[in-house]
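**Student:** Below is a structure I'd like to ask you about.
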There are 2 protein chains.
Amino acid sequence: MIRNTRQRTAVNAVFDELEGFHSAQEVHARMRAAGDSIGLSTVYRAVQALVEDGELDSIRTDAGEAIYRRCSARHHHHLVCRACGRTEEVEGPTVERWADRVAAEHGFVDVTHSLEIFGTCAACHRAGAPSADRPG
Amino acid sequence: MIRNTRQRTAVNAVFDELEGFHSAQEVHARMRAAGDSIGLSTVYRAVQALVEDGELDSIRTDAGEAIYRRCSARHHHHLVCRACGRTEEVEGPTVERWADRVAAEHGFVDVTHSLEIFGTCAACHRAGAPSADRPG
DNA sequence: GAGCATGTGAGAACTGTTGTCGACTGCGGG
DNA sequence: CCCGCAGTCGACAACAGTTCTCACATGCTC
């Protein structure tokens, strides 16, 4: 049975007040700072549960850290600035259809996909942010 | 000054023989197994240098591990069976153009993207493989 | 070949994450 | 309302991947 605990509720609530992506550690620190007594393990368990429930959306930073945010109902992808980390949601039926079609052509079923776009946002580009090229 | 050492050359050479993505640790193990004496730190340094030189391409797995491969002339994506792990390379100008366009519309420059498609391949589907959904 | 900046490598340190385990507590039943 | 107990908590240890350290080795320039 899945219980409705103070901690779980609290973690969930944090993401109501927060925009964008935040790491488990950050959430933990934020809660502790706010006087909320909660363990780090619990935060990790909570965010994982929330991701499974589809409440949160998770991606991994370039540094390998997992970051989370409230998931909007729509299926979408992320456009991430590699200099300042700013994230924008983008969506496009084009790519959805393409992915499904390609998978189907190869005989794959039950298809999902993950797509992230990285670049340097206008502000950072103006600021002359360095950019590590990443062809691929 | 950047020196041309035996180790650096050797790491680079490994990726000539290897297809697809491989972790630094795997490369290290492989080299040791082949009787090549090299330290793990050195492998890390080497792959990082190679990435900076544009010789290698790096992405991060879901588990947070960094994996590398020779940057192929062709840009393509992966279609991965979530049951047996079989991977097929797919490519499509559609999605490339879409990603670039979307990024440009948001004022992003110097754009790259990462896309993986997950599904159950025909063989595994016939075998009745289970599947874990991952919205996002 | 000499000098020396740069690279190497074993191991320690660090970071983010997951596991452990005794104590705790929501929740359904009585 | 209280009981019982399975699900949960949380401090801490354990882990994995990566980076740092530093004494030693070695390519490169002269």
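Identifiers in the structure tokens: chain A, B, ... in order shown; residue index from 1 per chain; ligand index from 1 in order shown.
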Near chain A, which residues of chain D fall within 10 Å when you count only C-alpha atoms (C1' of nucleotides), and what do they look like as a PyMOL selection string?
**Tutor:** chain D and resi 6-11+17-18
**Student:** Give the alpha helix (DSSP H) residues of chain A, as assigned by DSSP on the backbone, as a PyMOL selection string.
**Tutor:** chain A and resi 6-17+24-33+40-52+93-105+122-126
**Student:** Do me a favour and pick out the residues of chain B within 6 Å of chain A, using only C-alpha atoms, as a VMD selection string.
**Tutor:** chain B and resid 57 64 71 75 95 107 to 122 136
**Student:** With N, CA and C atoms retained, write the just-selected residues as a PDB file, in the first residue's frame.
**Tutor:**
```pdb
ATOM      1  N   ASP B  57      32.420  11.832 -29.239  1.00  0.00           N
ATOM      2  CA  ASP B  57      31.104  12.337 -28.981  1.00  0.00           C
ATOM      3  C   ASP B  57      30.704  11.735 -27.636  1.00  0.00           C
ATOM      4  N   GLY B  64      23.598   7.951 -15.387  1.00  0.00           N
ATOM      5  CA  GLY B  64      24.520   9.018 -15.079  1.00  0.00           C
ATOM      6  C   GLY B  64      25.954   8.746 -15.504  1.00  0.00           C
ATOM      7  N   CYS B  71      33.204  10.048 -33.188  1.00  0.00           N
ATOM      8  CA  CYS B  71      32.223  10.910 -33.800  1.00  0.00           C
ATOM      9  C   CYS B  71      32.099  10.491 -35.253  1.00  0.00           C
ATOM     10  N   HIS B  75      25.485  11.884 -38.754  1.00  0.00           N
ATOM     11  CA  HIS B  75      24.760  12.071 -37.511  1.00  0.00           C
ATOM     12  C   HIS B  75      23.569  11.113 -37.520  1.00  0.00           C
ATOM     13  N   VAL B  95      13.929  15.276 -38.288  1.00  0.00           N
ATOM     14  CA  VAL B  95      14.098  15.630 -36.892  1.00  0.00           C
ATOM     15  C   VAL B  95      15.256  16.611 -36.692  1.00  0.00           C
ATOM     16  N   GLY B 107      15.822  31.505 -30.127  1.00  0.00           N
ATOM     17  CA  GLY B 107      17.011  32.341 -30.023  1.00  0.00           C
ATOM     18  C   GLY B 107      18.270  31.585 -29.632  1.00  0.00           C
ATOM     19  N   PHE B 108      18.216  30.268 -29.697  1.00  0.00           N
ATOM     20  CA  PHE B 108      19.389  29.490 -29.315  1.00  0.00           C
ATOM     21  C   PHE B 108      20.324  29.334 -30.507  1.00  0.00           C
ATOM     22  N   VAL B 109      21.611  29.335 -30.200  1.00  0.00           N
ATOM     23  CA  VAL B 109      22.591  29.108 -31.256  1.00  0.00           C
ATOM     24  C   VAL B 109      23.490  27.949 -30.848  1.00  0.00           C
ATOM     25  N   ASP B 110      24.298  27.487 -31.784  1.00  0.00           N
ATOM     26  CA  ASP B 110      25.269  26.458 -31.479  1.00  0.00           C
ATOM     27  C   ASP B 110      24.542  25.227 -30.943  1.00  0.00           C
ATOM     28  N   VAL B 111      23.623  24.761 -31.723  1.00  0.00           N
ATOM     29  CA  VAL B 111      22.662  23.769 -31.265  1.00  0.00           C
ATOM     30  C   VAL B 111      23.055  22.323 -31.579  1.00  0.00           C
ATOM     31  N   THR B 112      22.903  21.483 -30.584  1.00  0.00           N
ATOM     32  CA  THR B 112      23.028  20.047 -30.809  1.00  0.00           C
ATOM     33  C   THR B 112      21.815  19.405 -30.156  1.00  0.00           C
ATOM     34  N   HIS B 113      21.642  18.132 -30.362  1.00  0.00           N
ATOM     35  CA  HIS B 113      20.522  17.489 -29.695  1.00  0.00           C
ATOM     36  C   HIS B 113      20.828  16.019 -29.483  1.00  0.00           C
ATOM     37  N   SER B 114      20.091  15.441 -28.571  1.00  0.00           N
ATOM     38  CA  SER B 114      20.249  14.011 -28.360  1.00  0.00           C
ATOM     39  C   SER B 114      18.870  13.385 -28.385  1.00  0.00           C
ATOM     40  N   LEU B 115      18.757  12.308 -29.091  1.00  0.00           N
ATOM     41  CA  LEU B 115      17.469  11.648 -29.253  1.00  0.00           C
ATOM     42  C   LEU B 115      17.648  10.148 -29.234  1.00  0.00           C
ATOM     43  N   GLU B 116      16.884   9.511 -28.403  1.00  0.00           N
ATOM     44  CA  GLU B 116      16.884   8.053 -28.405  1.00  0.00           C
ATOM     45  C   GLU B 116      15.431   7.601 -28.443  1.00  0.00           C
ATOM     46  N   ILE B 117      15.197   6.548 -29.176  1.00  0.00           N
ATOM     47  CA  ILE B 117      13.850   5.998 -29.233  1.00  0.00           C
ATOM     48  C   ILE B 117      13.876   4.636 -28.563  1.00  0.00           C
ATOM     49  N   PHE B 118      12.933   4.419 -27.671  1.00  0.00           N
ATOM     50  CA  PHE B 118      12.871   3.149 -26.972  1.00  0.00           C
ATOM     51  C   PHE B 118      11.598   2.419 -27.357  1.00  0.00           C
ATOM     52  N   GLY B 119      11.707   1.123 -27.464  1.00  0.00           N
ATOM     53  CA  GLY B 119      10.524   0.343 -27.782  1.00  0.00           C
ATOM     54  C   GLY B 119      10.831  -1.123 -27.570  1.00  0.00           C
ATOM     55  N   THR B 120       9.895  -1.951 -27.941  1.00  0.00           N
ATOM     56  CA  THR B 120      10.118  -3.385 -27.847  1.00  0.00           C
ATOM     57  C   THR B 120      10.240  -3.905 -29.270  1.00  0.00           C
ATOM     58  N   CYS B 121      11.334  -4.576 -29.555  1.00  0.00           N
ATOM     59  CA  CYS B 121      11.539  -5.019 -30.928  1.00  0.00           C
ATOM     60  C   CYS B 121      10.615  -6.185 -31.238  1.00  0.00           C
ATOM     61  N   ALA B 122      10.442  -6.431 -32.504  1.00  0.00           N
ATOM     62  CA  ALA B 122       9.488  -7.434 -32.954  1.00  0.00           C
ATOM     63  C   ALA B 122       9.703  -8.780 -32.272  1.00  0.00           C
ATOM     64  N   GLY B 136       7.299  11.712 -20.605  1.00  0.00           N
ATOM     65  CA  GLY B 136       8.270  12.761 -20.450  1.00  0.00           C
ATOM     66  C   GLY B 136       8.160  13.700 -21.603  1.00  0.00           C
TER      67      GLY B 136
END
```
**Student:** Expressed in Å to a single decimal, how great is the separation between atom CA of A:Glu26 and atom C1' of C:DA13?
**Tutor:**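 We find that atom CA of A:Glu26 and atom C1' of C:DA13 lie 22.3 Å from each other.
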**Student:** Report as number ranges by chain: the residues of chain A with a DSSP assignment of strand (DSSP E), based on the backbone of this structure.
**Tutor:** A: 22-23, 56-60, 66-70, 77-81, 87-90, 109-120
**Student:** Rank C:DG30, C:DA23, C:DT15, C:DG3 by their smallest atom-to-atom distance to chain A, using only C-alpha atoms (C1' of nucleotides), and report the top residue only.
**Tutor:**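 The shortest atom-to-atom distance to chain A comes from C:DT15.
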**Student:** Taking every C-alpha atom in sequence order, what RMSD do you get when chain B is least-squares fitted onto chain A?
**Tutor:**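 The C-alpha RMSD comes to 1.9 Å.
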**Student:** Kindly determine which residues of chain C lie within 9 Å of chain B, considering only C-alpha atoms (C1' of nucleotides), and give the answer as a PyMOL selection string.
**Tutor:** chain C and resi 5-10
**Student:** So which one's closest to B:Gly35, B:Phe21, B:Phe15, B:Glu105, B:Ala10? Using only C-alpha atoms, please.
**Tutor:**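 Smallest distance to B:Gly35 is found for B:Ala10.
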